[in-house]
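> There's a structure below that I have some questions on.
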Amino acid sequence: MPTSSTVDLKLASEGAAKHEKAIGIWRDSFNRLLKNKMAVVSMVVVLILFFFAIFGPYLTPYDFLKQDLSIRSLPPSVEHWLGTDYLGRDVLSRVIYGARTATLVSLLVVVLSSLIGVIVGSISGYFGGKVDFFLMWFTDLNMAFPNLVLGVVLSVSLRPPLSRWMEQMYLSSLNPVFRQSSLLDLALVVAVIVLVAWCPYARLLRSQVMAVRNYNYVLAARALGLPTFTIVTKYIIPNAIGPVIVQMSAGMGSAMLTESALSFLGIGINPPIPSWGNMINEGLRQWTSAPHLLAAPALVLGLMTVAFSFLGDGLNDALNPRQWKG
Amino acid sequence: MFRFILFRLLRWLPGVIVLLLIIYALMFYGGGDPIQIMFSREATDLFQPGNPRYEALKEKLGLNRPFLVQFGDYVWKAFQGDLGLSLSDGRPVSASIGAALPITVSIALAATAIIAIVGIPLGVIAALNQNHWPDNLILSSALFFWGIPTFVMAPLLMVLLCLQFPILPVPHGWSGVFTLNAIIPLSVAAIRPMALVIRQARSAVLDVLSEDYIRTARAKGLPEWVTITKHALRPVLTPVVTQMGVVMTNLLAGSLLLEIVFGIPGIGRLIRDGILNSDYSLLLGCTLVVLALVTLTNLLVDITYPILDPRLRQAQRGEE
């Protein structure tokens, strides 16, 4: 039986080796990512999106809400680069503000769903047994059915209780924040997408944890009598998190897609707050007379989801080089 | 074989019922009072809680019963083809679904056929040219089209092919799979999930090509095309078929959005109507139908792949 100090020493040297190797892996992966041209282009596109999401309101030529009924549904011109919509609002300003909506929703979704996924996945992977069986059965079920249909059901049935709750909060606090329907939309859309999107993270982390939990250093930590919580959070999760980062990039794209699909159906972000989805829906009403109303948000949304899909693929190749390039 | 199917059914059925229970509970507790939704157009106090007519109607519709009794009743009737009455127009939900379902299913089946006919050869071509330009081209265009949402692709194609270069009639409504109107909807439906099949077929071919028996076939001097068509292609089908469940989920989700864009009177349109009118019984019925379609596909996949792969027939016998 080794004394605790020798184990510490062994742990420390193992940890140091691991650390050095980890830097090597990350730098190596980053170099591989830079070699993938599509991934680099996608990264630039995503950075431009973030730029517009943060600074958009200072860059828009007009207020995205300002209506001018004398200039309804105009084609693109020098004053209005992308034309105006059916209420005479500037389409370019609305598309730029839509970047903010899309980014806000998808960032919140990715953070929350990966958090839930990491918690559920590590519980499932570390403890195994019945808990694991039940959780995996449930995630299998969730992943087998169309996210969009589950999202529709959730958002239609969660809206009335949530709006009742917000009304009560308003009455008890008189804080006007609770009267804003845009806040209700945002909270609802994020909650709905998180509820359908956490499962892939959980599965991913579970398989990682199952691989990591039998490593010697975890065994050593257990032998030292560390509490389970410390073992999981300090030794297992950091070593199992890599693929989750890849999934986050793909997840960001699909969250953006689901948000705009729900908004397109009229149960996500509602007008007048612009979302690319509800702009496509509005554009569809007069697509023969003013196709630019449809084309502008559709092209931008398509560009973004394609960029995230190429970026996710590039990250996947860079971090798991053996996987699908054969 | 019968016992095997039963076994597989038992694997899927509890999950579907639990999922349905969750959805039913969400609508039951979150959705709002069905009677008030039914009569929301008539501005009257007659159908408010406390009014005798309201209470009588509630009694008649069985809405006084406990939650689980109502759920059990719903499932029992659903098995007999009765999905209740629509809250917005009072028509039986099963009648609306009966009219819409064939359209959605025919879109899904036609798209599946396109996916199989185009996707599998593309995957094979990609694998045979591994890491050369045909491979790169096929893989990146698959990834590209996988990235574009259905409701982005559909209107853009519509603007491009009906407005900018008017070579196709404006697709609106539905008059069958083999009409000009169906070209744009079907290709949009097929192109996104096709990426899944292409990837799967490609990696399956790559796996097979490294097998010993392919080396043997090549070593005994068979022409390359005989080696490929006779020995390499058959095992490729199995992994592609197992992918069909995922393809079907994506097809259905895509077809819902597609139907709204093109005004096709399928399940997607019904779901949209249900959303617009807060018609919970219609929504519940449509969700149930989508769940049933996905389950059926997965069941068919489970049944088909032992037929395609003899190695799995052994495993199946072991399971019985």
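Letters A, B, ... go to the chains of the structure tokens in the order shown; residues in each chain start at 1; ligands are counted from 1 in the same order.
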Would you give me, as an mmCIF file with N, CA and C atoms, in the first residue's frame, the residues of chain B that come within 6 Å of chain A, using only C-alpha atoms?

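Ended up saving to selection10.cif:
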data_model
loop_
_atom_site.group_PDB
_atom_site.id
_atom_site.type_symbol
_atom_site.label_atom_id
_atom_site.label_comp_id
_atom_site.auth_asym_id
_atom_site.auth_seq_id
_atom_site.Cartn_x
_atom_site.Cartn_y
_atom_site.Cartn_z
ATOM 1 N N LEU B 26 -48.709 17.638 -20.827
ATOM 2 C CA LEU B 26 -48.363 19.028 -21.151
ATOM 3 C C LEU B 26 -49.581 19.782 -21.653
ATOM 4 N N MET B 27 -50.318 19.143 -22.566
ATOM 5 C CA MET B 27 -51.471 19.825 -23.141
ATOM 6 C C MET B 27 -52.611 19.905 -22.136
ATOM 7 N N GLY B 30 -51.171 22.463 -19.398
ATOM 8 C CA GLY B 30 -50.702 23.756 -19.889
ATOM 9 C C GLY B 30 -51.634 24.404 -20.885
ATOM 10 N N GLY B 31 -52.366 23.578 -21.611
ATOM 11 C CA GLY B 31 -53.041 24.058 -22.806
ATOM 12 C C GLY B 31 -54.202 25.001 -22.607
ATOM 13 N N PHE B 144 -23.053 20.798 -47.315
ATOM 14 C CA PHE B 144 -23.648 22.095 -47.636
ATOM 15 C C PHE B 144 -25.168 22.008 -47.589
ATOM 16 N N GLY B 147 -26.698 21.564 -44.279
ATOM 17 C CA GLY B 147 -26.721 22.775 -43.463
ATOM 18 C C GLY B 147 -27.895 23.684 -43.742
ATOM 19 N N ILE B 148 -28.494 23.583 -44.924
ATOM 20 C CA ILE B 148 -29.546 24.543 -45.271
ATOM 21 C C ILE B 148 -30.907 24.062 -44.773
ATOM 22 N N VAL B 152 -35.691 27.394 -45.780
ATOM 23 C CA VAL B 152 -34.852 28.368 -46.486
ATOM 24 C C VAL B 152 -34.695 27.931 -47.934
ATOM 25 N N THR B 249 -37.163 10.576 -39.617
ATOM 26 C CA THR B 249 -37.428 11.692 -38.698
ATOM 27 C C THR B 249 -37.145 13.009 -39.386
ATOM 28 N N ALA B 253 -39.920 15.979 -40.361
ATOM 29 C CA ALA B 253 -39.765 17.345 -39.871
ATOM 30 C C ALA B 253 -39.683 18.302 -41.050
#
> Write out as a PyMOL selection string which residues come within 12 Å of B:Ile267 when counting only C-alpha atoms, dropping same-chain ones fewer than 2 positions away.
(chain A and resi 149) or (chain B and resi 93-94+96-108+252-260+263-265+269-274+282-290+293)
> Determine which residues of stretch 80-236 of chain B DSSP labels as helix (DSSP H, G or I) from the backbone of this structure, then write them out as a PyMOL selection string.
chain B and resi 93-128+133-147+150-164+180-209+212-219+224-232+234-236
> Write out as a PyMOL selection string which residues come within 10 Å of stretch 224-236 of chain A when counting only C-alpha atoms, dropping same-chain ones fewer than 3 positions away.
chain A and resi 3-4+7-8+119+122-123+126+208-215+217-221+239-241
> Counting only C-alpha atoms, figure out which residue out of A:Tyr170, A:Asp132, A:Gln286, A:Val111 gets nearest to A:Ala255.
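Using only C-alpha atoms, the shortest distance to A:Ala255 belongs to A:Val111.
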> Tell me, in Å to one decimal, how far atom CA of A:Pro61 is from atom CA of A:Arg179.
28.7 Å
> Distance atom CA of B:Gln243-atom CA of B:Ile120, one decimal place?
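Interatomic distance here is 11.8 Å.
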> What does the distance between atom CA of A:Ser106 and atom CA of A:Met252 come to in Å, to one decimal place?
5.4 Å
> Using only C-alpha atoms, which residue out of B:Met153, B:Gly15, B:Leu139, B:Leu6 lies closest to A:Thr139?
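Of the candidates, the smallest distance to A:Thr139 is held by B:Gly15.
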